[in-house]
>>> print(open('my_file_26.csv').read())   # CSV, C-alpha atoms
chain,number,residue,atom,x,y,z
A,99,MET,CA,-30.6,-34.1,26.1
A,100,SER,CA,-29.1,-34.9,29.5
A,101,ARG,CA,-27.0,-32.4,31.5
A,102,SER,CA,-23.7,-34.3,30.9
A,103,ALA,CA,-24.4,-34.3,27.2
A,104,VAL,CA,-25.0,-30.5,27.2
A,105,GLU,CA,-21.8,-30.0,29.1
A,106,ASN,CA,-20.0,-32.0,26.5
A,107,GLU,CA,-21.2,-29.6,23.8
A,108,ILE,CA,-20.0,-26.5,25.7
A,109,THR,CA,-16.5,-25.2,24.8
A,110,LEU,CA,-15.1,-22.1,26.4
A,111,ILE,CA,-13.5,-19.8,23.8
A,112,GLU,CA,-10.6,-17.6,25.0
A,113,ALA,CA,-8.2,-15.8,22.7
A,114,SER,CA,-4.6,-16.6,23.2
A,115,THR,CA,-1.6,-14.3,23.0
A,116,GLN,CA,-0.8,-15.6,19.5
A,117,ASP,CA,-4.3,-14.6,18.4
A,118,TYR,CA,-3.7,-11.0,19.4
A,119,ILE,CA,-0.3,-11.0,17.8
A,120,ALA,CA,-1.9,-12.3,14.6
A,121,LEU,CA,-4.2,-9.3,14.7
A,122,LEU,CA,-1.2,-7.0,14.3
A,123,LYS,CA,-0.3,-8.3,10.8
A,124,PHE,CA,3.3,-8.9,11.7
A,125,ARG,CA,4.6,-8.8,8.2
A,126,VAL,CA,3.3,-5.4,7.5
A,127,MET,CA,4.5,-4.2,10.9
A,128,ARG,CA,7.9,-5.6,10.1
A,129,LEU,CA,8.1,-3.6,6.9
A,130,ALA,CA,7.0,-0.4,8.6
A,131,ILE,CA,9.6,-0.8,11.4
A,132,PHE,CA,12.4,-1.6,9.0
A,133,THR,CA,11.8,1.3,6.5
A,134,ALA,CA,11.1,3.8,9.3
A,135,GLY,CA,14.2,2.5,11.2
A,136,VAL,CA,16.4,3.0,8.2
A,137,ALA,CA,15.0,6.6,7.7
A,138,ILE,CA,15.6,7.4,11.3
A,139,LEU,CA,19.2,6.3,10.9
A,140,ILE,CA,20.1,7.9,7.6
A,141,ALA,CA,18.3,11.2,8.2
A,142,PRO,CA,20.6,14.2,8.8
A,143,GLY,CA,21.0,15.3,12.4
A,144,SER,CA,21.4,13.3,15.5
A,145,ILE,CA,18.9,11.5,17.7
A,146,ASN,CA,19.5,9.8,21.0
A,147,PRO,CA,19.5,6.0,20.4
A,148,VAL,CA,17.0,5.4,23.2
A,149,VAL,CA,14.6,8.0,21.8
A,150,ALA,CA,15.0,6.5,18.4
A,151,ILE,CA,14.2,3.0,19.7
A,152,GLY,CA,11.2,4.3,21.7
A,153,SER,CA,9.9,6.1,18.6
A,154,LEU,CA,10.4,3.0,16.4
A,155,ILE,CA,8.4,0.9,18.9
A,156,CYS,CA,5.6,3.5,18.7
A,157,ILE,CA,5.7,3.3,14.8
A,158,GLY,CA,5.6,-0.5,15.0
A,159,ILE,CA,2.6,-0.5,17.4
A,160,GLY,CA,0.8,2.1,15.2
A,161,ALA,CA,1.3,-0.2,12.2
A,162,GLY,CA,0.0,-3.2,14.2
A,163,ALA,CA,-3.0,-1.1,15.3
A,164,ALA,CA,-3.8,-0.4,11.7
A,165,GLY,CA,-3.6,-4.1,10.9
A,166,ALA,CA,-6.0,-4.9,13.8
A,167,LEU,CA,-8.5,-2.3,12.7
A,168,ASN,CA,-8.3,-3.5,9.1
A,169,MET,CA,-9.1,-7.1,10.2
A,170,TRP,CA,-12.0,-5.8,12.2
A,171,TRP,CA,-13.6,-4.1,9.2
A,172,ASP,CA,-12.7,-6.8,6.7
A,173,ALA,CA,-13.8,-9.8,8.8
A,174,ASP,CA,-16.6,-10.6,6.4
A,175,ILE,CA,-14.4,-10.9,3.3
A,176,ASP,CA,-11.6,-12.5,5.2
A,177,SER,CA,-13.8,-15.4,6.0
A,178,ILE,CA,-14.5,-16.0,2.3
A,179,MET,CA,-10.9,-16.0,1.1
A,180,ILE,CA,-8.7,-19.1,1.7
A,181,ARG,CA,-5.6,-16.9,2.3
A,182,THR,CA,-7.3,-15.0,5.2
A,183,ALA,CA,-9.9,-17.5,6.5
A,184,THR,CA,-7.6,-18.5,9.4
A,185,ARG,CA,-7.2,-15.0,10.7
A,186,PRO,CA,-8.4,-14.6,14.4
A,187,ILE,CA,-11.8,-13.0,13.7
A,188,PRO,CA,-13.1,-15.3,10.9
A,189,ALA,CA,-11.6,-18.3,12.8
A,190,GLY,CA,-13.8,-17.3,15.8
A,191,LYS,CA,-10.9,-16.8,18.2
A,192,ILE,CA,-11.4,-13.1,18.7
A,193,THR,CA,-14.7,-11.1,18.4
A,194,GLY,CA,-14.9,-8.0,16.1
A,195,ASP,CA,-15.5,-5.8,19.2
A,196,GLN,CA,-12.4,-7.1,20.9
A,197,ALA,CA,-10.3,-6.4,17.7
A,198,LEU,CA,-11.8,-2.9,17.4
A,199,SER,CA,-11.0,-2.0,21.0
A,200,PHE,CA,-7.5,-3.5,20.8
A,201,GLY,CA,-6.8,-1.5,17.5
A,202,LEU,CA,-8.2,1.8,18.9
A,203,PHE,CA,-6.3,1.5,22.1
A,204,LEU,CA,-3.0,0.8,20.3
A,205,THR,CA,-3.7,3.7,17.9
A,206,PHE,CA,-4.1,6.3,20.6
A,207,PHE,CA,-1.3,4.8,22.6
A,208,SER,CA,1.2,4.8,19.7
A,209,VAL,CA,0.3,8.3,18.5
A,210,ILE,CA,0.4,9.9,21.9
A,211,PHE,CA,3.7,8.4,22.9
A,212,LEU,CA,5.4,9.1,19.6
A,213,GLY,CA,4.4,12.7,20.1
A,214,LEU,CA,6.0,12.7,23.6
A,215,PHE,CA,9.1,10.7,22.6
A,216,ALA,CA,9.9,12.4,19.3
A,217,ASN,CA,7.8,15.3,18.1
A,218,TYR,CA,4.3,16.3,17.1
A,219,LEU,CA,5.0,16.2,13.4
A,220,SER,CA,5.8,12.5,13.4
A,221,ALA,CA,2.8,11.8,15.7
A,222,PHE,CA,0.5,13.6,13.3
A,223,LEU,CA,2.0,11.7,10.4
A,224,LEU,CA,1.5,8.4,12.2
A,225,ALA,CA,-2.1,9.3,13.0
A,226,GLY,CA,-2.7,10.3,9.4
A,227,THR,CA,-1.2,7.0,8.1
A,228,ILE,CA,-3.5,4.9,10.3
A,229,ALA,CA,-6.5,7.0,9.4
A,230,PHE,CA,-5.7,6.8,5.7
A,231,TYR,CA,-5.2,3.0,5.8
A,232,ILE,CA,-8.5,2.4,7.7
A,233,VAL,CA,-10.8,5.1,6.4
A,234,ILE,CA,-9.6,5.8,2.8
A,235,TYR,CA,-8.2,2.4,1.9
A,236,THR,CA,-10.1,-0.2,4.0
A,237,MET,CA,-13.5,1.4,4.3
A,238,PHE,CA,-13.7,3.3,1.1
A,239,LEU,CA,-11.4,2.3,-1.7
A,240,LYS,CA,-10.9,-1.5,-1.2
A,241,ARG,CA,-14.4,-2.5,-2.1
A,242,ARG,CA,-15.1,0.2,-4.7
A,243,THR,CA,-12.3,0.6,-7.2
A,244,PRO,CA,-9.7,-1.6,-8.9
A,245,HIS,CA,-7.1,1.1,-8.2
A,246,ASN,CA,-7.6,0.5,-4.5
A,247,ILE,CA,-4.1,-0.6,-3.8
A,248,VAL,CA,-2.5,2.2,-5.9
A,249,ILE,CA,-4.0,5.0,-3.8
A,250,GLY,CA,-4.1,2.9,-0.6
A,251,GLY,CA,-0.5,2.0,-1.0
A,252,ALA,CA,0.3,5.5,0.2
A,253,SER,CA,-0.3,4.4,3.8
A,254,GLY,CA,2.3,1.6,3.5
A,255,ALA,CA,4.7,4.1,2.0
A,256,LEU,CA,4.6,6.6,4.8
A,257,PRO,CA,6.7,4.9,7.5
A,258,PRO,CA,10.0,6.3,6.1
A,259,VAL,CA,8.5,9.8,6.1
A,260,ILE,CA,7.5,9.3,9.8
A,261,GLY,CA,11.0,8.0,10.6
A,262,TRP,CA,12.6,11.0,8.8
A,263,ALA,CA,10.4,13.3,10.8
A,264,VAL,CA,11.4,11.6,14.1
A,265,THR,CA,15.0,12.6,13.5
A,266,THR,CA,14.6,16.0,11.7
A,267,ASN,CA,11.2,17.2,12.7
A,268,SER,CA,10.6,18.0,9.0
A,269,ILE,CA,9.6,16.3,5.7
A,270,GLY,CA,12.6,16.4,3.4
A,271,LEU,CA,13.0,15.7,-0.4
A,272,GLU,CA,14.7,12.4,0.5
A,273,SER,CA,11.8,11.2,2.6
A,274,ILE,CA,9.4,12.0,-0.2
A,275,LEU,CA,11.6,10.0,-2.6
A,276,MET,CA,11.6,7.0,-0.2
A,277,PHE,CA,7.8,7.4,0.0
A,278,LEU,CA,7.6,7.4,-3.8
A,279,LEU,CA,9.8,4.3,-4.0
A,280,ILE,CA,7.4,2.2,-1.8
A,281,PHE,CA,4.3,3.9,-3.3
A,282,LEU,CA,5.3,2.9,-6.9
A,283,TRP,CA,6.6,-0.5,-5.7
A,284,THR,CA,3.2,-1.5,-4.1
A,285,PRO,CA,1.1,-2.0,-7.3
A,286,PRO,CA,3.5,-4.5,-9.0
A,287,HIS,CA,4.1,-6.2,-5.7
A,288,PHE,CA,0.4,-6.6,-4.9
A,289,TRP,CA,-0.9,-7.3,-8.4
A,290,SER,CA,1.6,-10.1,-8.8
A,291,LEU,CA,0.2,-11.6,-5.6
A,292,CYS,CA,-3.3,-11.1,-7.0
A,293,LEU,CA,-2.3,-13.0,-10.2
A,294,MET,CA,-1.3,-15.9,-7.9
A,295,THR,CA,-4.4,-15.9,-5.8
A,296,LYS,CA,-7.0,-14.6,-8.3
A,297,SER,CA,-9.7,-17.2,-7.4
A,298,ASP,CA,-9.7,-15.9,-3.8
A,299,TYR,CA,-10.5,-12.3,-4.8
A,300,SER,CA,-13.2,-13.3,-7.2
A,301,LYS,CA,-15.0,-15.2,-4.4
A,302,SER,CA,-14.8,-12.1,-2.1
A,303,ARG,CA,-16.0,-9.7,-4.8
A,304,ILE,CA,-13.3,-7.2,-4.2
A,305,PRO,CA,-12.8,-5.3,-7.4
A,306,MET,CA,-9.1,-6.2,-7.9
A,307,LEU,CA,-7.6,-5.2,-11.3
A,308,THR,CA,-7.2,-8.9,-12.2
A,309,GLU,CA,-11.0,-9.4,-11.8
A,310,THR,CA,-12.3,-6.1,-13.4
A,311,HIS,CA,-9.8,-5.7,-16.2
A,312,GLY,CA,-8.3,-9.2,-16.6
A,313,GLU,CA,-4.8,-10.6,-16.4
A,314,GLY,CA,-3.5,-8.9,-19.6
A,315,LYS,CA,-4.3,-5.4,-18.4
A,316,THR,CA,-2.9,-6.2,-14.9
A,317,LYS,CA,0.4,-7.4,-16.4
A,318,ARG,CA,0.6,-4.3,-18.5
A,319,GLN,CA,0.0,-2.1,-15.4
A,320,ILE,CA,2.7,-4.0,-13.6
A,321,LEU,CA,5.1,-3.2,-16.4
A,322,PHE,CA,4.0,0.5,-16.3
A,323,TYR,CA,4.7,0.8,-12.6
A,324,SER,CA,8.0,-1.1,-12.9
A,325,VAL,CA,9.2,1.5,-15.4
A,326,LEU,CA,8.0,4.4,-13.1
A,327,LEU,CA,9.8,2.7,-10.2
A,328,LEU,CA,13.1,3.6,-11.9
A,329,LEU,CA,12.5,7.3,-11.3
A,330,PRO,CA,12.6,7.6,-7.5
A,331,SER,CA,15.5,5.2,-7.0
A,332,PHE,CA,17.5,7.0,-9.7
A,333,VAL,CA,16.9,10.4,-8.2
A,334,ILE,CA,17.7,9.1,-4.7
A,335,SER,CA,21.2,8.3,-5.9
A,336,PHE,CA,21.9,12.0,-6.3
A,337,THR,CA,20.6,13.2,-3.0
A,338,SER,CA,22.3,13.3,0.4
A,339,ILE,CA,21.2,9.7,1.3
A,340,GLY,CA,22.4,8.2,-2.1
A,341,GLY,CA,25.8,7.7,-3.7
A,342,LEU,CA,27.9,5.7,-6.1
A,343,PHE,CA,27.4,2.4,-4.3
A,344,TYR,CA,23.6,2.9,-4.2
A,345,LEU,CA,23.5,4.1,-7.9
A,346,ILE,CA,25.3,1.0,-9.2
A,347,SER,CA,23.3,-1.5,-7.1
A,348,MET,CA,19.9,0.2,-7.8
A,349,VAL,CA,20.6,-0.1,-11.6
A,350,ALA,CA,21.1,-3.8,-11.2
A,351,LEU,CA,18.0,-4.2,-9.0
A,352,ASN,CA,15.8,-2.3,-11.4
A,353,VAL,CA,17.1,-4.2,-14.5
A,354,VAL,CA,16.1,-7.5,-12.9
A,355,PHE,CA,12.7,-6.0,-11.8
A,356,LEU,CA,12.0,-4.7,-15.3
A,357,SER,CA,13.1,-8.0,-16.9
A,358,LEU,CA,10.7,-9.9,-14.7
A,359,ALA,CA,7.9,-7.5,-15.5
A,360,LEU,CA,8.7,-7.8,-19.3
A,361,GLY,CA,8.8,-11.6,-19.0
A,362,LEU,CA,5.4,-11.5,-17.3
A,363,ASN,CA,4.1,-9.6,-20.4
A,364,GLY,CA,5.5,-12.1,-22.8
A,365,PHE,CA,8.4,-10.0,-24.0
A,366,ASP,CA,10.8,-12.9,-23.3
A,367,GLN,CA,11.3,-14.2,-26.8
A,368,GLY,CA,15.0,-14.8,-27.3
A,369,ILE,CA,16.0,-13.6,-23.8
A,370,VAL,CA,17.0,-16.8,-22.1
A,371,LEU,CA,17.2,-15.2,-18.6
A,372,LEU,CA,13.5,-14.3,-18.7
A,373,ARG,CA,12.0,-17.5,-20.1
A,374,GLY,CA,9.4,-19.2,-17.9
A,375,LYS,CA,9.4,-16.4,-15.3
A,376,GLY,CA,5.9,-15.7,-13.9
A,377,GLU,CA,4.0,-13.7,-11.3
A,378,ARG,CA,5.4,-15.8,-8.4
A,379,GLN,CA,9.0,-14.9,-9.3
A,380,LEU,CA,8.1,-11.3,-9.6
A,381,PHE,CA,6.3,-11.3,-6.2
A,382,LEU,CA,9.2,-12.9,-4.4
A,383,TYR,CA,11.7,-10.7,-6.1
A,384,SER,CA,9.7,-7.6,-5.3
A,385,ILE,CA,10.0,-8.4,-1.6
A,386,PHE,CA,13.8,-8.7,-2.0
A,387,TYR,CA,13.9,-5.6,-4.1
A,388,LEU,CA,12.5,-3.3,-1.5
A,389,PHE,CA,14.4,-4.9,1.3
A,390,ALA,CA,17.7,-4.5,-0.7
A,391,HIS,CA,16.9,-0.8,-1.5
A,392,PHE,CA,16.7,0.1,2.2
A,393,VAL,CA,19.7,-2.1,3.1
A,394,LEU,CA,21.7,-0.3,0.4
A,395,LEU,CA,20.6,3.1,1.8
A,396,MET,CA,21.8,2.0,5.2
A,397,GLY,CA,25.1,0.7,3.6
A,398,GLU,CA,25.6,4.0,1.9
A,399,PHE,CA,25.1,5.9,5.2
A,400,LEU,CA,27.6,3.6,7.0
A,401,LEU,CA,30.1,4.0,4.1
A,402,LYS,CA,30.0,7.7,4.3
A,403,PHE,CA,30.1,7.6,8.1
A,404,PHE,CA,33.2,5.4,8.3
A,405,SER,CA,35.0,6.5,5.2
A,406,PRO,CA,35.4,10.2,4.6
A,407,PHE,CA,37.3,9.4,1.3
A,408,TYR,CA,34.1,7.8,-0.1
A,409,SER,CA,32.0,10.7,1.1
A,410,ASP,CA,34.4,13.1,-0.8
A,411,LEU,CA,34.3,10.9,-3.9
A,412,VAL,CA,30.5,10.9,-4.0
A,413,ARG,CA,30.4,14.7,-3.6
A,414,ILE,CA,32.8,15.1,-6.6
A,415,LEU,CA,30.8,12.7,-8.8
A,416,VAL,CA,27.5,14.4,-8.0
A,417,TRP,CA,29.2,17.8,-8.8
A,418,ILE,CA,30.4,16.4,-12.2
B,29,MET,CA,-13.8,-31.5,24.1
B,30,ASP,CA,-15.4,-32.0,27.6
B,31,LEU,CA,-16.0,-29.1,29.9
B,32,ASP,CA,-13.1,-29.8,32.3
B,33,GLN,CA,-10.6,-29.8,29.4
B,34,SER,CA,-12.2,-26.8,27.9
B,35,LYS,CA,-12.0,-24.9,31.3
B,36,GLU,CA,-8.4,-25.9,31.6
B,37,ASP,CA,-7.6,-24.6,28.2
B,38,PHE,CA,-9.5,-21.4,28.9
B,39,TYR,CA,-7.5,-20.7,32.1
B,40,ALA,CA,-4.2,-21.7,30.5
B,41,LYS,CA,-4.7,-19.2,27.6
B,42,ARG,CA,-5.8,-16.5,30.0
B,43,LYS,CA,-2.8,-17.1,32.2
B,44,ASN,CA,-0.4,-17.0,29.2
B,45,ARG,CA,-2.1,-13.8,27.9
B,46,ASN,CA,-1.8,-12.1,31.3
B,47,PHE,CA,1.8,-13.1,31.6
B,48,TRP,CA,2.7,-11.4,28.3
B,49,LEU,CA,0.6,-8.4,29.2
B,50,ALA,CA,2.6,-8.0,32.3
B,51,ILE,CA,5.8,-8.3,30.3
B,52,CYS,CA,4.6,-5.6,27.9
B,53,LEU,CA,3.6,-3.3,30.8
B,54,GLY,CA,7.0,-3.8,32.4
B,55,GLY,CA,8.7,-3.2,29.1
B,56,PHE,CA,6.7,0.0,28.6
B,57,ILE,CA,7.6,1.3,32.1
B,58,LEU,CA,11.3,0.6,31.2
B,59,VAL,CA,11.0,2.5,27.9
B,60,ILE,CA,9.4,5.5,29.5
B,61,PHE,CA,12.1,5.5,32.2
B,62,LEU,CA,14.9,5.3,29.7
B,63,VAL,CA,13.5,7.9,27.3
B,64,THR,CA,13.0,10.3,30.3
B,65,ILE,CA,16.6,9.8,31.3
B,66,ALA,CA,17.8,10.3,27.7
B,67,LYS,CA,15.7,13.5,27.3
B,68,LEU,CA,16.9,14.9,30.6
B,69,SER,CA,20.5,14.1,30.0
B,70,ASN,CA,20.3,16.1,26.7
B,71,GLY,CA,20.6,18.9,29.2
B,72,GLY,CA,19.2,22.3,30.0
B,73,MET,CA,17.0,24.1,27.6
B,74,ILE,CA,13.9,22.0,27.5
B,75,GLU,CA,10.5,23.7,27.2
B,76,GLY,CA,7.9,22.2,29.5
B,77,PHE,CA,4.8,21.5,27.4
B,78,ASP,CA,6.3,19.1,24.9
B,79,HIS,CA,9.7,18.4,26.3
B,80,THR,CA,11.4,19.6,23.1
B,81,LEU,CA,14.8,21.4,22.9
B,82,ARG,CA,14.4,25.0,21.8
B,83,PRO,CA,17.5,26.6,20.4
B,84,SER,CA,15.7,29.9,20.7
B,85,ILE,CA,15.7,29.8,24.5
B,86,SER,CA,19.4,28.8,24.9
B,87,LYS,CA,21.6,31.0,27.0
B,88,GLU,CA,23.6,32.3,23.9
>>> encode(input="my_file_26.csv", output="structure tokens")
Amino acid sequence: MSRSAVENEITLIEASTQDYIALLKFRVMRLAIFTAGVAILIAPGSINPVVAIGSLICIGIGAGAAGALNMWWDADIDSIMIRTATRPIPAGKITGDQALSFGLFLTFFSVIFLGLFANYLSAFLLAGTIAFYIVIYTMFLKRRTPHNIVIGGASGALPPVIGWAVTTNSIGLESILMFLLIFLWTPPHFWSLCLMTKSDYSKSRIPMLTETHGEGKTKRQILFYSVLLLLPSFVISFTSIGGLFYLISMVALNVVFLSLALGLNGFDQGIVLLRGKGERQLFLYSIFYLFAHFVLLMGEFLLKFFSPFYSDLVRILVWI
Amino acid sequence: MDLDQSKEDFYAKRKNRNFWLAICLGGFILVIFLVTIAKLSNGGMIEGFDHTLRPSISKE
């Protein structure tokens, strides 16, 4: 082969900014920032807005770091699945070592600065969340048990607890209830996604519930968790962050969620509203459901903040 | 893709990445500065080791 022919074969590979941004799993990061941000806002006590924003940036970076480390470990299975084959590592744009150093740097950076900006409790919780996501979920549970996302979902549910700790330097009942809300929401959300992309998971040999126990069992589990989901949202209504507005709205949100889960299980005979609803509808609705819950909590906070009359009304209703 | 084009693409990506890295560093310096100002303007009783307000050491 002549020299010019060899030169024609050579391509220099350099990762772009977009590739590094893709490593951060922007969607997961967005959810963590949003839920933690709402928790910082609605938690009792006051926090300087600049400190709050600085802390929120650290939480977002921490979530992104967890995403990068997850992609580093899962590069082998990411390359098999259609949904994840275009991620930077399987696509050959970033090496595993680059992703590992990027993830570790961002982890230390976010934890240290959250500790300096807010308090040590929130920094400890952020470090624990990243460690849980990478070591317990990604390295241990994901490839071993079909209940991987049930237990692993805890890491995705922790950002409101971190946000609450940023403002209060404590872990309150309300933050535990917000944690439970996301924790119990994760299985129906993720399993409905698995039902949509089941062939992908069978190729990668990840023991997802859809593969190990079949679609029927997965749908029944979705229904089970949809019923459990009622509990934290109902109890939240009667705490300091809930209220009448939240209670009414959460009933409506849960009725639709439960209806879709029932429809998925074939309990839609005679109920016109549910007919023909499948896993895709449930998946899309679950995204809206969680978003709506946290918007409602924010709305409830603003209502109480700007309208003392509403605040008194809620207190009387809770007392009755 | 020939080598010249590949080189051009290589340097363009690197330049773009360095630009955004500089923006991030600048932003980070700004955040540190603003948080420092915010913490100091909270006033007074700040304990040195973790820059946290301690009601227990207030003058009351």
>>> closest_residue(input="my_file_26.csv", among="A:Gln196, A:Arg125, A:Leu154, A:Phe215", to="Phe61 of chain B", atoms="all atoms listed in the file")
A:Phe215
>>> interface_residues(input="my_file_26.csv", of="chain B", to="chain A", cutoff="7 Å", atoms="all atoms listed in the file", output="JSON, numbers by chain")
{"B": [29, 30, 31, 34, 35, 38, 41, 42, 44, 45, 59, 62, 63, 66, 78]}
>>> residues_around(input="my_file_26.csv", residues="segment 331-345 of chain A", least_positions_apart="3", cutoff="9 Å", atoms="only C-alpha atoms", output="ChimeraX atom specification")
/A:140-142,271-272,275-276,278-279,327-328,348-350,352,391,394-399,401,408-409,411-413,415-416
>>> residues_near_point(input="my_file_26.csv", point="(-9.6, -15.3, 17.3)", cutoff="12 Å", atoms="all atoms listed in the file", output="MDAnalysis selection string")
chainID A and resid 111:121 166 169:170 173 183:197
>>> closest_residue(input="my_file_26.csv", among="A:Phe124, A:Leu212, A:Gly376, A:Leu239", to="Ile60 of chain B", atoms="only C-alpha atoms")
A:Leu212
>>> closest_residue(input="my_file_26.csv", among="A:Leu388, A:Leu293, A:Val353, A:Ala161", to="Tyr231 of chain A", atoms="all atoms listed in the file")
A:Ala161
>>> residues_around(input="my_file_26.csv", residues="Ala359 of chain A", least_positions_apart="3", cutoff="10 Å", atoms="all atoms listed in the file", output="ChimeraX atom specification")
/A:286,290,317-325,353-356,362-366,372,375-377,379-380
>>> atom_distance(input="my_file_26.csv", atom1="atom CA of Leu360 of chain A", atom2="atom CA of Pro305 of chain A")
24.7 Å
>>> atom_distance(input="my_file_26.csv", atom1="atom CA of Ile346 of chain A", atom2="atom CA of Leu358 of chain A")
19.0 Å
>>> atom_distance(input="my_file_26.csv", atom1="atom CA of Asn246 of chain A", atom2="atom CA of Met306 of chain A")
7.7 Å
